[in-house]
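Visitor: My file is work-v7.cif. It has mmCIF, C-alpha atoms:
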data_input
loop_
_atom_site.label_atom_id
_atom_site.label_comp_id
_atom_site.auth_asym_id
_atom_site.auth_seq_id
_atom_site.Cartn_x
_atom_site.Cartn_y
_atom_site.Cartn_z
CA MET J 7 68.89 82.01 114.71
CA ARG J 8 67.56 84.35 117.41
CA LEU J 9 70.63 83.60 119.53
CA ILE J 10 72.97 84.59 116.68
CA VAL J 11 71.13 87.85 116.06
CA LEU J 12 71.15 88.61 119.81
CA CYS J 13 74.92 88.02 119.98
CA THR J 14 75.39 90.39 117.03
CA LEU J 15 73.40 93.13 118.79
CA LEU J 16 75.34 92.62 122.02
CA LEU J 17 78.63 92.89 120.12
CA CYS J 18 77.50 96.18 118.57
CA LEU J 19 76.44 97.50 121.99
CA TRP J 20 79.76 96.44 123.51
CA GLY J 21 81.57 98.40 120.82
CA ASN J 22 79.29 101.37 121.48
CA ASP J 23 80.00 101.28 125.24
CA THR J 24 83.74 101.42 124.59
CA TRP J 25 83.68 104.44 122.28
CA ALA J 26 84.86 106.70 125.06
CA ASN J 27 88.00 104.60 125.39
CA GLY J 28 88.18 104.12 121.62
CA ARG J 29 88.64 107.86 121.10
CA THR J 30 92.00 107.66 122.84
CA PHE J 31 94.49 107.34 119.99
CA HIS J 32 96.57 104.19 119.79
CA ARG J 33 99.74 104.93 117.87
CA ASP J 34 99.58 101.62 115.96
CA SER J 35 95.96 101.81 114.81
CA LEU J 36 94.02 103.24 111.88
CA PRO J 37 91.10 105.61 112.58
CA ALA J 38 87.80 104.24 113.83
CA ARG J 39 84.98 103.92 111.29
CA ILE J 40 81.27 103.12 111.26
CA ALA J 41 79.70 102.48 107.86
CA ALA J 42 76.55 101.26 106.13
CA HIS J 43 77.03 99.52 102.75
CA ASN J 44 74.32 98.88 100.18
CA ASP J 45 74.44 97.15 96.79
CA ASN J 46 71.32 97.21 94.64
CA ASP J 47 70.33 97.07 90.99
CA LEU J 48 67.22 99.24 91.37
CA LEU J 49 68.69 102.22 89.48
CA PHE J 50 69.44 99.96 86.53
CA GLU J 51 65.88 98.53 86.65
CA ARG J 52 67.27 95.00 86.88
CA ASP J 53 66.06 93.40 90.14
CA ARG J 54 67.67 90.03 89.44
CA LEU J 55 70.86 87.97 89.87
CA TYR J 56 72.80 89.64 92.73
CA SER J 57 69.77 91.75 93.54
CA ASN J 58 70.58 93.33 96.89
CA GLY J 59 73.34 93.45 99.48
CA MET J 60 73.37 95.22 102.84
CA MET J 61 76.19 95.39 105.36
CA VAL J 62 77.03 97.23 108.58
CA GLU J 63 80.71 97.85 109.41
CA LEU J 64 82.38 98.63 112.73
CA THR J 65 86.13 99.29 112.46
CA ASN J 66 88.51 99.91 115.38
CA ILE J 67 85.68 100.56 117.83
CA GLY J 68 86.90 99.88 121.38
CA PHE J 69 88.14 96.31 121.75
CA LEU J 70 88.37 95.83 117.96
CA ARG J 71 91.24 98.33 117.87
CA ASP J 72 93.13 96.39 120.51
CA LEU J 73 92.61 93.15 118.60
CA GLY J 74 94.13 94.72 115.48
CA VAL J 75 97.16 96.09 117.30
CA GLY J 76 97.80 92.80 119.09
CA PHE J 77 97.50 90.81 115.88
CA THR J 78 99.95 93.13 114.12
CA HIS J 79 102.53 92.72 116.86
CA LYS J 80 102.20 88.93 116.62
CA LEU J 81 102.59 88.91 112.83
CA PHE J 82 105.11 91.70 112.24
CA GLY J 83 106.79 92.35 115.59
CA GLN J 84 107.88 95.96 116.09
CA ARG J 85 107.79 96.98 112.43
CA PRO J 86 106.14 100.41 112.06
CA MET J 87 102.71 99.47 110.71
CA LEU J 88 99.17 100.60 111.29
CA SER J 89 96.28 98.20 111.71
CA SER J 90 92.54 97.82 112.07
CA PHE J 91 90.10 95.12 113.07
CA SER J 92 86.57 95.24 111.66
CA PHE J 93 83.27 93.50 112.31
CA PHE J 94 80.70 93.18 109.51
CA PHE J 95 77.11 91.97 109.59
CA GLY J 96 75.27 91.67 106.28
CA GLN J 97 72.84 89.99 103.93
CA HIS J 98 73.02 89.20 100.19
CA ILE J 99 70.08 88.24 97.96
CA TYR J 100 70.40 86.27 94.72
CA THR J 101 67.43 85.69 92.41
CA PRO J 102 66.75 84.33 88.90
CA ASN J 103 66.51 86.51 85.85
CA LYS J 104 62.69 86.33 85.88
CA ILE J 105 61.61 86.75 89.49
CA GLY J 106 57.95 87.22 88.58
CA TRP J 107 57.59 83.77 87.02
CA GLU J 108 55.72 81.14 89.01
CA GLY J 109 56.99 77.59 89.04
CA PHE J 110 60.38 75.92 89.04
CA TYR J 111 62.75 76.28 86.06
CA LEU J 112 65.79 74.05 85.74
CA GLU J 113 67.45 76.49 83.34
CA GLU J 114 67.33 79.42 85.77
CA ARG J 115 69.79 80.10 88.58
CA PRO J 116 68.67 79.17 92.13
CA TRP J 117 66.93 81.50 94.53
CA ALA J 118 69.26 82.10 97.49
CA GLY J 119 69.84 84.35 100.47
CA TRP J 120 73.00 84.68 102.56
CA LEU J 121 73.18 86.14 106.06
CA PHE J 122 76.77 86.49 107.31
CA TRP J 123 79.09 87.76 110.02
CA LYS J 124 82.69 88.66 109.18
CA LEU J 125 85.84 89.67 111.02
CA ARG J 126 88.53 91.44 108.99
CA TYR J 127 92.09 92.30 109.96
CA LYS J 128 94.03 94.95 108.00
CA ALA J 129 97.70 95.94 108.24
CA VAL J 130 99.11 98.96 106.40
CA ALA J 131 102.81 99.43 105.60
CA ARG J 132 104.61 102.09 103.55
CA LEU J 133 103.73 100.76 100.11
CA TRP J 134 101.42 97.80 100.66
CA SER J 135 98.55 96.55 102.78
CA LEU J 136 97.31 93.11 103.84
CA GLN J 137 93.73 92.07 104.66
CA LEU J 138 92.70 88.76 106.23
CA SER J 139 89.08 87.89 106.96
CA ALA J 140 86.99 85.03 108.32
CA ASN J 141 83.31 84.71 107.61
CA ILE J 142 80.50 82.53 108.97
CA GLY J 143 76.99 82.65 107.58
CA LEU J 144 73.64 81.06 106.86
CA VAL J 145 72.08 80.17 103.51
CA GLY J 146 68.42 79.23 103.22
CA PRO J 147 65.22 80.44 104.90
CA TYR J 148 67.16 81.52 108.02
CA SER J 149 68.95 84.12 105.89
CA LEU J 150 65.64 86.11 105.96
CA ALA J 151 66.13 87.04 102.30
CA GLU J 152 62.60 85.99 101.36
CA ASP J 153 61.06 88.09 104.13
CA PHE J 154 63.10 91.16 103.27
CA GLN J 155 62.49 91.06 99.52
CA ILE J 156 58.75 90.40 99.78
CA ILE J 157 58.30 93.20 102.34
CA TRP J 158 60.28 95.56 100.09
CA HIS J 159 58.25 94.73 96.98
CA THR J 160 55.00 94.99 98.92
CA TYR J 161 56.04 98.45 100.03
CA LEU J 162 56.87 99.42 96.43
CA ARG J 163 53.45 98.26 95.27
CA SER J 164 51.73 100.31 97.94
CA VAL J 165 53.74 103.41 96.97
CA LEU J 166 53.31 102.94 93.21
CA GLY J 167 49.67 101.93 93.53
CA THR J 168 50.03 99.36 90.75
CA VAL J 169 50.70 95.66 90.42
CA ASP J 170 54.44 95.02 90.46
CA PRO J 171 55.22 92.54 87.63
CA ARG J 172 58.55 91.78 89.29
CA HIS J 173 57.04 90.72 92.62
CA PRO J 174 59.10 87.66 93.71
CA ARG J 175 57.15 84.42 93.41
CA GLY J 176 59.74 81.66 93.67
CA TRP J 177 61.23 81.76 97.15
CA LYS J 178 59.77 78.36 98.01
CA TYR J 179 62.40 76.97 95.63
CA GLN J 180 65.37 78.63 97.35
CA LEU J 181 68.49 76.73 98.36
CA GLY J 182 68.09 74.81 101.62
CA HIS J 183 69.58 75.46 105.04
CA GLU J 184 73.37 75.54 105.18
CA VAL J 185 76.01 76.99 107.50
CA THR J 186 78.78 78.62 105.46
CA PHE J 187 82.45 79.29 106.15
CA GLN J 188 84.77 81.55 104.21
CA LEU J 189 88.41 82.68 104.47
CA THR J 190 89.79 85.56 102.42
CA ALA J 191 93.23 87.13 101.93
CA ARG J 192 93.95 90.30 99.95
CA VAL J 193 97.18 92.19 99.20
CA ASP J 194 97.33 95.75 97.76
CA ARG J 195 100.50 97.35 96.38
CA LEU J 196 101.01 101.00 95.43
CA MET J 197 102.33 101.25 91.86
CA PHE J 198 102.14 104.90 90.89
CA GLU J 199 101.62 108.25 92.57
CA LYS J 200 101.91 111.77 91.11
CA GLN J 201 101.00 115.21 92.39
CA LEU J 202 99.12 117.15 89.68
CA SER J 203 98.71 120.42 91.59
CA LYS J 204 98.63 121.66 95.16
CA GLU J 205 95.35 119.85 95.83
CA TRP J 206 94.97 117.27 93.04
CA MET J 207 96.86 114.04 92.50
CA VAL J 208 96.58 110.69 90.75
CA ASP J 209 97.61 107.27 92.02
CA ALA J 210 97.21 103.61 91.14
CA LYS J 211 97.43 100.35 93.04
CA VAL J 212 97.22 96.68 92.09
CA HIS J 213 95.47 94.10 94.23
CA ALA J 214 95.22 90.32 94.44
CA LYS J 215 92.63 88.36 96.40
CA ALA J 216 92.08 84.70 97.26
CA GLU J 217 88.83 83.26 98.67
CA LEU J 218 88.41 79.76 100.06
CA GLY J 219 85.30 78.32 101.65
CA THR J 220 81.91 76.74 101.12
CA VAL J 221 80.54 79.87 99.37
CA PHE J 222 83.31 80.90 96.98
CA ILE J 223 86.53 79.31 95.82
CA ARG J 224 88.10 81.88 93.53
CA GLY J 225 91.03 84.18 92.98
CA SER J 226 91.14 87.66 91.52
CA VAL J 227 93.58 90.33 90.40
CA GLY J 228 92.87 93.94 89.54
CA MET J 229 93.90 97.58 89.55
CA THR J 230 92.37 100.77 90.99
CA VAL J 231 93.14 104.30 89.77
CA ARG J 232 92.11 107.46 91.69
CA VAL J 233 92.15 111.10 90.60
CA GLY J 234 91.26 113.99 92.89
CA SER J 235 92.01 115.69 96.16
CA MET J 236 92.62 112.88 98.60
CA ILE J 237 94.76 111.29 101.25
CA ARG J 238 97.56 109.15 99.87
CA TYR J 239 97.51 105.37 100.11
CA PHE J 240 99.63 103.45 102.58
CA ALA J 241 102.51 105.74 103.64
CA SER J 242 100.05 108.57 104.19
CA SER J 243 98.52 106.52 106.99
CA TYR J 244 101.39 107.77 109.13
CA PRO J 245 101.72 111.30 110.47
CA ARG J 246 103.97 113.62 108.47
CA GLN J 247 106.85 113.31 110.93
CA ALA J 248 106.62 109.52 110.83
CA ARG J 249 106.80 109.48 107.03
CA ALA J 250 109.94 111.62 107.20
CA ALA J 251 111.48 109.29 109.78
CA LEU J 252 110.74 106.30 107.56
CA ALA J 253 111.85 107.89 104.30
CA ASN J 254 115.07 105.90 104.16
CA ASN J 255 113.32 102.78 105.51
CA LYS J 256 116.14 102.20 107.99
CA ASP J 257 115.35 103.84 111.32
CA GLU J 258 112.15 102.07 112.38
CA ALA J 259 112.71 103.08 116.01
CA ALA J 260 112.17 106.70 115.01
CA PHE J 261 108.49 105.98 114.45
CA PHE J 262 107.93 104.92 118.04
CA ALA J 263 110.13 107.74 119.38
CA LEU J 264 107.76 110.45 118.10
CA PRO J 265 106.08 112.57 120.78
CA LYS J 266 102.84 111.05 122.03
CA GLU J 267 100.84 114.21 121.35
CA THR J 268 102.05 114.26 117.75
CA LEU J 269 100.62 110.81 117.15
CA LYS J 270 97.55 111.26 119.31
CA THR J 271 96.05 113.91 117.05
CA TRP J 272 97.13 112.59 113.65
CA GLY J 273 93.61 111.49 112.68
CA ARG J 274 92.29 115.03 113.13
CA ARG J 275 95.27 116.53 111.26
CA GLN J 276 94.47 114.79 107.99
CA LYS J 277 92.69 116.58 105.16
CA PRO J 278 89.35 117.97 106.41
CA TRP J 279 87.80 117.12 103.06
CA GLU J 280 88.38 114.79 100.14
CA PHE J 281 86.85 114.42 96.69
CA PHE J 282 88.07 111.99 94.09
CA PHE J 283 86.99 109.77 91.21
CA PHE J 284 88.08 106.17 90.97
CA ALA J 285 88.01 103.35 88.43
CA SER J 286 88.69 99.71 89.23
CA GLY J 287 88.95 96.58 87.12
CA ARG J 288 88.93 93.02 88.47
CA GLY J 289 89.18 89.57 86.92
CA PHE J 290 87.97 86.46 88.80
CA LEU J 291 88.99 82.86 88.21
CA VAL J 292 86.09 80.90 89.75
CA ALA J 293 86.23 77.29 90.94
CA ARG J 294 83.08 77.46 93.09
CA ASN J 295 80.11 79.78 93.46
CA LEU J 296 77.49 78.40 95.84
CA PHE J 297 74.79 80.61 94.32
CA LEU J 298 75.23 78.87 90.95
CA ASP J 299 76.68 75.48 91.98
CA GLY J 300 74.05 74.88 94.67
CA SER J 301 74.32 73.51 98.19
CA THR J 302 77.62 72.11 99.41
CA PHE J 303 76.54 69.07 101.40
CA GLU J 304 73.26 67.99 99.81
CA GLU J 305 71.63 67.77 96.41
CA SER J 306 70.06 70.98 95.16
CA HIS J 307 69.27 72.95 92.06
CA SER J 308 72.35 74.24 90.20
CA VAL J 309 73.35 75.72 86.83
CA PRO J 310 76.67 75.72 84.94
CA LYS J 311 79.01 78.61 85.78
CA LEU J 312 81.69 80.33 83.74
CA PRO J 313 85.27 80.05 85.08
CA LEU J 314 86.20 83.65 84.23
CA VAL J 315 84.21 86.68 85.37
CA CYS J 316 85.28 90.33 85.01
CA GLU J 317 84.08 93.50 86.76
CA VAL J 318 84.55 97.20 86.21
CA GLU J 319 83.68 99.71 88.95
CA LEU J 320 83.38 103.47 88.35
CA GLY J 321 82.64 105.86 91.19
CA LEU J 322 83.41 108.85 93.35
CA SER J 323 84.07 109.47 97.02
CA TRP J 324 83.42 112.65 98.99
CA LYS J 325 84.43 113.31 102.57
CA LEU J 326 83.74 116.33 104.78
CA HIS J 327 85.31 116.18 108.23
CA HIS J 328 84.16 112.82 109.66
CA PHE J 329 81.47 112.01 107.11
CA ARG J 330 82.13 110.15 103.86
CA LEU J 331 79.87 109.21 100.96
CA THR J 332 81.08 106.77 98.30
CA ALA J 333 78.94 105.88 95.29
CA SER J 334 79.80 103.67 92.33
CA ALA J 335 78.38 101.60 89.49
CA ILE J 336 79.59 98.04 88.93
CA LEU J 337 79.42 96.31 85.55
CA GLN J 338 79.87 92.53 85.61
CA THR J 339 80.19 90.00 82.79
CA VAL J 340 78.01 86.89 82.59
CA GLU J 341 78.53 84.47 85.50
CA GLY J 342 76.66 81.39 84.28
CA ALA J 343 76.19 79.35 81.10
CA TYR J 344 72.48 78.57 81.41
CA ARG J 345 69.54 79.28 79.13
CA PHE J 346 68.10 82.33 80.87
CA ALA J 347 71.44 83.97 81.73
CA ASP J 348 71.45 87.63 80.71
CA PRO J 349 73.99 87.97 77.85
CA GLU J 350 74.63 91.57 78.93
CA GLY J 351 75.85 90.45 82.34
CA HIS J 352 74.82 92.35 85.43
CA ARG J 353 74.87 95.97 86.57
CA TYR J 354 74.29 97.37 90.04
CA HIS J 355 75.21 100.36 92.17
CA ARG J 356 77.06 100.54 95.48
CA VAL J 357 76.61 103.24 98.12
CA VAL J 358 78.63 103.51 101.35
CA LEU J 359 77.83 106.04 104.09
CA ALA J 360 80.53 106.27 106.74
CA TYR J 361 81.48 108.19 109.88
CA GLU J 362 85.23 107.88 110.33
CA GLY J 363 88.35 109.30 111.89
CA PHE J 364 86.84 110.00 115.33
#
What does the file become when written as structure tokens?

Guide:
Amino acid sequence: MRLIVLCTLLLCLWGNDTWANGRTFHRDSLPARIAAHNDNDLLFERDRLYSNGMMVELTNIGFLRDLGVGFTHKLFGQRPMLSSFSFFFGQHIYTPNKIGWEGFYLEERPWAGWLFWKLRYKAVARLWSLQLSANIGLVGPYSLAEDFQIIWHTYLRSVLGTVDPRHPRGWKYQLGHEVTFQLTARVDRLMFEKQLSKEWMVDAKVHAKAELGTVFIRGSVGMTVRVGSMIRYFASSYPRQARAALANNKDEAAFFALPKETLKTWGRRQKPWEFFFFASGRGFLVARNLFLDGSTFEESHSVPKLPLVCEVELGLSWKLHHFRLTASAILQTVEGAYRFADPEGHRYHRVVLAYEGF
């Protein structure tokens, strides 16, 4: 476990040491990005089910950018596309509906933590994008979920000065040790785009996603609509001159013939600020969910799951120069068919702080 964490830190430091080189624009790559993601149900006073998720993202930092460009050339040859390669390190925590109960309850979902590392490749074309990711992780005590949640609740008790009735008391019943593997593919397609005024516009895209591994086996489809002042999807990833050259979708060589300086500064020539609202709906067809079905290779506690789960996400995103803040609320239908499942489903918020486009 210590070796894995050490390798993660070294990878982050390696990316940090190559920032100086990473600032040199590569004409086939998307802008670099560093982000911190957090999912939590604290604002909804839930503290159960998918209780907390944290993730750090490094996109197109140093060698990651070169990996993305090389992968794109292997997959798509000399087609004019932009790409990125990202590294993620995160932790998810899943708890029963009643985390303050002592004892083991067969009709409650299992306690579980998931510590994971993920590599994601993204390619962006004129009207569509493709994402491929591979994930390796740990479930069980080595996920450190118990330590994190107990420390957090202890801190809350010290701040509030009262006994926390939701203090977690069942981590000794969590799912056992397991190494997890996960592969994911996602395709997005622009469906609609309309300029409302000089600054404001509306657009919509559809997306489909497939997940295969020891954690999830499921597929999903959905749609996202945005309204506001923002950078366009897909084709807008190119500089203005490149979009003009590709307008008839015939002269691909024109993209690579653009002056180097024109492409080198494209990231800094995008909108200095953005502000938009978005709404997204997703439907999942679930064949496996480790956090309900239990361990993959050994007997463990499990509860029945529902094959169809739906989500709605409502949020806003604000960007000023290189800094971006995205906040949203996610409403999810019931995942499991067990006695103590919340009939109202689950609700949690998502916050992403990012430094991008450098």

Visitor: Within 10 Å of (63.9, 82.0, 96.9) (file coordinates; all atoms listed in the file), which protein or nucleic acid residues are there? I'd like them as an mmCIF file with C-alpha atoms, in the frame of the given file.

Guide:
data_model
loop_
_atom_site.group_PDB
_atom_site.id
_atom_site.type_symbol
_atom_site.label_atom_id
_atom_site.label_comp_id
_atom_site.auth_asym_id
_atom_site.auth_seq_id
_atom_site.Cartn_x
_atom_site.Cartn_y
_atom_site.Cartn_z
ATOM 1 C CA ILE J 99 70.080 88.240 97.960
ATOM 2 C CA TYR J 100 70.400 86.270 94.720
ATOM 3 C CA THR J 101 67.430 85.690 92.410
ATOM 4 C CA PRO J 102 66.750 84.330 88.900
ATOM 5 C CA ILE J 105 61.610 86.750 89.490
ATOM 6 C CA PRO J 116 68.670 79.170 92.130
ATOM 7 C CA TRP J 117 66.930 81.500 94.530
ATOM 8 C CA ALA J 118 69.260 82.100 97.490
ATOM 9 C CA GLY J 119 69.840 84.350 100.470
ATOM 10 C CA GLY J 146 68.420 79.230 103.220
ATOM 11 C CA PRO J 147 65.220 80.440 104.900
ATOM 12 C CA ALA J 151 66.130 87.040 102.300
ATOM 13 C CA GLU J 152 62.600 85.990 101.360
ATOM 14 C CA ASP J 153 61.060 88.090 104.130
ATOM 15 C CA GLN J 155 62.490 91.060 99.520
ATOM 16 C CA PRO J 174 59.100 87.660 93.710
ATOM 17 C CA ARG J 175 57.150 84.420 93.410
ATOM 18 C CA GLY J 176 59.740 81.660 93.670
ATOM 19 C CA TRP J 177 61.230 81.760 97.150
ATOM 20 C CA LYS J 178 59.770 78.360 98.010
ATOM 21 C CA TYR J 179 62.400 76.970 95.630
ATOM 22 C CA GLN J 180 65.370 78.630 97.350
ATOM 23 C CA LEU J 181 68.490 76.730 98.360
ATOM 24 C CA GLY J 182 68.090 74.810 101.620
#

Visitor: For Thr190 (chain J), please output as a ChimeraX atom specification all residues within 8 Å (counting all atoms listed in the file; exclusion window: fewer than 6 positions along the same chain).

Guide: /J:137-140,215-218

Visitor: How many Å lie between CA of Glu205 (chain J) and CA of Arg356 (chain J), rounded to one decimal?

Guide: 26.6 Å

Visitor: Applied to the shown file, which residues does the PyMOL selection byres ((chain J and resi 231) around 8) return, written as an MDAnalysis selection string?

Guide: chainID J and resid 208:211 229:230 232:233 284:286

Visitor: Neighbouring residues of Val358 (chain J) were defined as those with any atom within 9 Å, considering all atoms listed in the file; residues of the same chain fewer than 4 positions away were excluded. Please report them as number ranges by chain.

Guide: J: 41-45, 330-333
